[in-house]
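Data block below; observations after.
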Amino acid sequence: MPLGVPHANADVDRSATRFSDFAADLEVAAGMPQARYRGRLVFTGSNGSEQGLAGASVRVGSEIARTDTQGWFAGLVPNLRAGEFKAMYAGAAEHSASASAPVPIMPGPLKTRVSVNVPRGPFEVGQRVTVSGRLEYEDPRNGWRNLPGGALDVGFYKFRSNSHVDPVKVTTGVDGAYRLDYRIPASGNFNIMFREWWATWERAYEQSDSEDAGDLTAFRDVKIKLRKDRRVEAKGRLVRPRKSGSTYSVANGIVWLESATDFYAASVRTDKNGYFLFRSHSPVRAAFRVAYYGGNSSSNASRIDTDLRAYSASTFLDAREPTRFVSFNAGPEPVRKGRALTLTGLLQYSDRGRWLTADHRRAEIWFRPRGSKKWVRAAQIRADNSGVFRKVVTARRDGYWRIVFRGDLTFRPVYSAIDYVDVR
């Protein structure tokens, strides 16, 4: 037989081997993932029973482990990348080669998240505060877990100069937590960055609430309401609270009345005691607030830094004209099944207390059968020049009728009264 050509029955005398148990878990050390594995290699003896294979070399990833007297082995694969692992045995003169089923460890870069905690202000420039939080990663099999050894950049954004302070490096502890004493440089906020490591981590970013350093501005006794003439009235006072507990007014400060709903804005200046008053026409339906972004005349006795901001709570106002249905009727009643049923109604709106007809408006006719709780839209309808709705339908069963006006940019929505019709 030529040299180097294996005998056809070379594996006949070798015992079959297999991995009776193999598992691997994801861990993190020094900011890098690793796999801690364990398993057992067994072979089939001459009597047909399985026994642990002692002293065998098992390859897991880039690592080699040797089995103990019972065939057990364990080890660690550092610096993981995305992929899966399996245990492999190359075989020997007496035993055949085998491999375990693959175990998925990292399907791809792992998601991360970081939190940031900062004491509530107001602060003074130069005041030391403690910035803390926790870095975590998402284990595909075990959910969110602490990420130790993660390198974070703790930065600070300054409002006044619209610039960033050079970040401070900090490393998370064994529980994934970080803690840093930081001197407040200006008004602004903290931002925490965990930069991605290629094929291992996804990037995580979080920022703290914004704080103003030094004295803050604040609104006091703000009231926003809709007047009878359909104008918005907003009044209140702009002050500077001090950490000592005292306050003083912001004189001649520019205050804005804003509506995020319709991008409406108007401004007034506060008087010498910080009071302001708006009486303005406005979007017909919007949420309003008053805002201060800094800014005042050079003659202002109360010096205001331009980065100090204040906002009031929002108030929703509907400045559209009120509407009502009058003279709604479904008739004749009773009516025979299959006969015509006429529905009529009149839509009006209030103009400074006077009720006028709303012509050419679209509305909907809704019907609810007797014994049912569900309303069904039966038809659409439009008012004539006099604001009168008129619709003829076929009477099919007993039930309740009404007209629904959905409202528009000028008028508010309204429902008519409900009229029951007996169909015989």
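Residues in the structure tokens are named by chain (A, B, ... in the order shown) and by number from 1 within that chain; ligands are numbered from 1 in the order shown.
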
Find the spatial neighbours of Met106 (chain A), counting only C-alpha atoms, within a cut-off of 12 Å - ignore same-chain residues fewer than 6 positions away - and output them as a PyMOL selection string.
chain A and resi 24-27+33-35+79-85+137-141+199-201

Using only C-alpha atoms, which residues sit within 8 Å of region 318-322 of chain A once same-chain residues fewer than 4 positions away are excluded, as a VMD selection string?
chain A and resid 226 230 to 231 282 to 286 349 to 351 409 to 412

Could you please take those selected residues and save N, CA and C atoms as a compact mmCIF listing (two decimals), in the first residue's frame?
# COMPACT_ATOMS: atom_id res chain seq x y z
N LEU A 226 -58.50 83.42 27.99
CA LEU A 226 -59.15 83.92 26.80
C LEU A 226 -60.20 84.95 27.20
N ARG A 230 -62.28 87.41 22.49
CA ARG A 230 -61.53 86.34 21.83
C ARG A 230 -60.04 86.63 21.76
N ARG A 231 -59.55 87.61 22.51
CA ARG A 231 -58.11 87.85 22.57
C ARG A 231 -57.51 87.10 23.76
N SER A 282 -54.65 86.02 18.44
CA SER A 282 -53.80 84.83 18.50
C SER A 282 -54.30 83.76 17.54
N PRO A 283 -53.54 82.67 17.42
CA PRO A 283 -54.08 81.50 16.71
C PRO A 283 -55.38 81.05 17.34
N VAL A 284 -56.24 80.44 16.55
CA VAL A 284 -57.58 80.12 17.04
C VAL A 284 -57.59 78.98 18.06
N ARG A 285 -56.59 78.14 18.06
CA ARG A 285 -56.60 76.98 18.95
C ARG A 285 -55.15 76.57 19.19
N ALA A 286 -54.64 76.77 20.41
CA ALA A 286 -53.22 76.54 20.64
C ALA A 286 -52.92 76.45 22.13
N TYR A 349 -73.40 80.35 15.45
CA TYR A 349 -72.16 80.64 16.18
C TYR A 349 -72.32 81.95 16.92
N SER A 350 -71.51 82.12 17.96
CA SER A 350 -71.60 83.31 18.80
C SER A 350 -70.55 84.33 18.38
N ASP A 351 -71.00 85.52 18.04
CA ASP A 351 -70.10 86.62 17.69
C ASP A 351 -70.27 87.71 18.75
N LEU A 409 -61.34 75.82 11.43
CA LEU A 409 -60.43 76.84 11.93
C LEU A 409 -61.14 78.03 12.55
N THR A 410 -62.44 78.16 12.28
CA THR A 410 -63.18 79.32 12.80
C THR A 410 -64.13 78.95 13.93
N PHE A 411 -64.81 77.79 13.81
CA PHE A 411 -65.86 77.43 14.75
C PHE A 411 -65.49 76.17 15.53
N ARG A 412 -65.98 76.10 16.76
CA ARG A 412 -65.76 74.94 17.61
C ARG A 412 -66.70 73.79 17.24

From the list A:Ala30, A:Ala287, A:Ala97, A:Val414, which residue is nearest Val58 (chain A) when using only C-alpha atoms?
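Of A:Ala30, A:Ala287, A:Ala97, A:Val414, the one nearest Val58 (chain A) is A:Ala97, counting only C-alpha atoms.
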
For Thr344 (chain A), the nearest of the candidates A:Trp401, A:Phe389, A:Trp375, A:Phe316, counting only C-alpha atoms
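Closest to Thr344 (chain A), using only C-alpha atoms: A:Phe389.
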
Residues within 6 Å of Phe19 (chain A), please, as a list of chain:residue names. Count only C-alpha atoms; anything in the same chain fewer than 2 positions from it doesn't count.
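Non-adjacent residues within range: A:Asp21, A:Arg40, A:Leu41, A:Ser100.
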
All strand (DSSP E or B) residues (DSSP, backbone) inside region 140-212 of chain A, as a PyMOL selection string
chain A and resi 143-146+151-158+163-171+177-183+188-194+201+204-207+211

Show me, as a PyMOL selection string, the residues that have an atom within 10 Å of Gly91 (chain A) when counting only C-alpha atoms, minus same-chain residues fewer than 2 positions from it.
chain A and resi 14-17+56-58+88-89+93-98

Can you list, as a PDB file with C-alpha atoms, in the first residue's frame, every protein, DNA or RNA residue that comes within 8 Å of region 253-260 of chain A when you count only C-alpha atoms, leaving out same-chain residues fewer than 2 positions away?
ATOM      1  CA  ALA A 234     -51.340  86.839  29.717  1.00  0.00           C
ATOM      2  CA  LEU A 238     -40.497  88.154  36.023  1.00  0.00           C
ATOM      3  CA  VAL A 250     -36.359  91.972  36.285  1.00  0.00           C
ATOM      4  CA  ALA A 251     -37.075  95.455  34.965  1.00  0.00           C
ATOM      5  CA  ASP A 262     -49.116  77.497  15.452  1.00  0.00           C
ATOM      6  CA  PHE A 263     -45.634  79.072  15.756  1.00  0.00           C
ATOM      7  CA  TYR A 264     -47.187  82.270  17.087  1.00  0.00           C
ATOM      8  CA  ALA A 265     -45.058  84.697  19.121  1.00  0.00           C
ATOM      9  CA  ALA A 266     -45.369  88.256  20.439  1.00  0.00           C
ATOM     10  CA  SER A 267     -43.254  90.192  22.937  1.00  0.00           C
ATOM     11  CA  VAL A 268     -43.576  92.928  25.560  1.00  0.00           C
ATOM     12  CA  ARG A 269     -41.217  94.449  28.130  1.00  0.00           C
ATOM     13  CA  THR A 270     -41.616  94.207  31.870  1.00  0.00           C
ATOM     14  CA  GLY A 274     -41.005  93.075  36.604  1.00  0.00           C
ATOM     15  CA  PHE A 276     -45.965  92.342  32.178  1.00  0.00           C
ATOM     16  CA  PHE A 278     -50.293  90.766  26.937  1.00  0.00           C
ATOM     17  CA  ALA A 286     -53.220  76.540  20.640  1.00  0.00           C
ATOM     18  CA  ALA A 287     -51.181  75.933  23.780  1.00  0.00           C
ATOM     19  CA  PHE A 288     -49.622  79.138  25.136  1.00  0.00           C
ATOM     20  CA  ARG A 289     -46.748  79.912  27.481  1.00  0.00           C
ATOM     21  CA  VAL A 290     -44.646  82.935  28.372  1.00  0.00           C
ATOM     22  CA  ALA A 291     -40.881  82.713  27.960  1.00  0.00           C
ATOM     23  CA  TYR A 292     -37.802  84.745  28.817  1.00  0.00           C
ATOM     24  CA  TYR A 293     -34.552  84.183  26.926  1.00  0.00           C
ATOM     25  CA  GLY A 294     -32.496  86.955  28.509  1.00  0.00           C
ATOM     26  CA  GLY A 295     -32.146  90.432  27.106  1.00  0.00           C
ATOM     27  CA  ASN A 296     -32.991  93.932  28.283  1.00  0.00           C
ATOM     28  CA  SER A 297     -32.048  97.508  27.644  1.00  0.00           C
TER      29      SER A 297
END
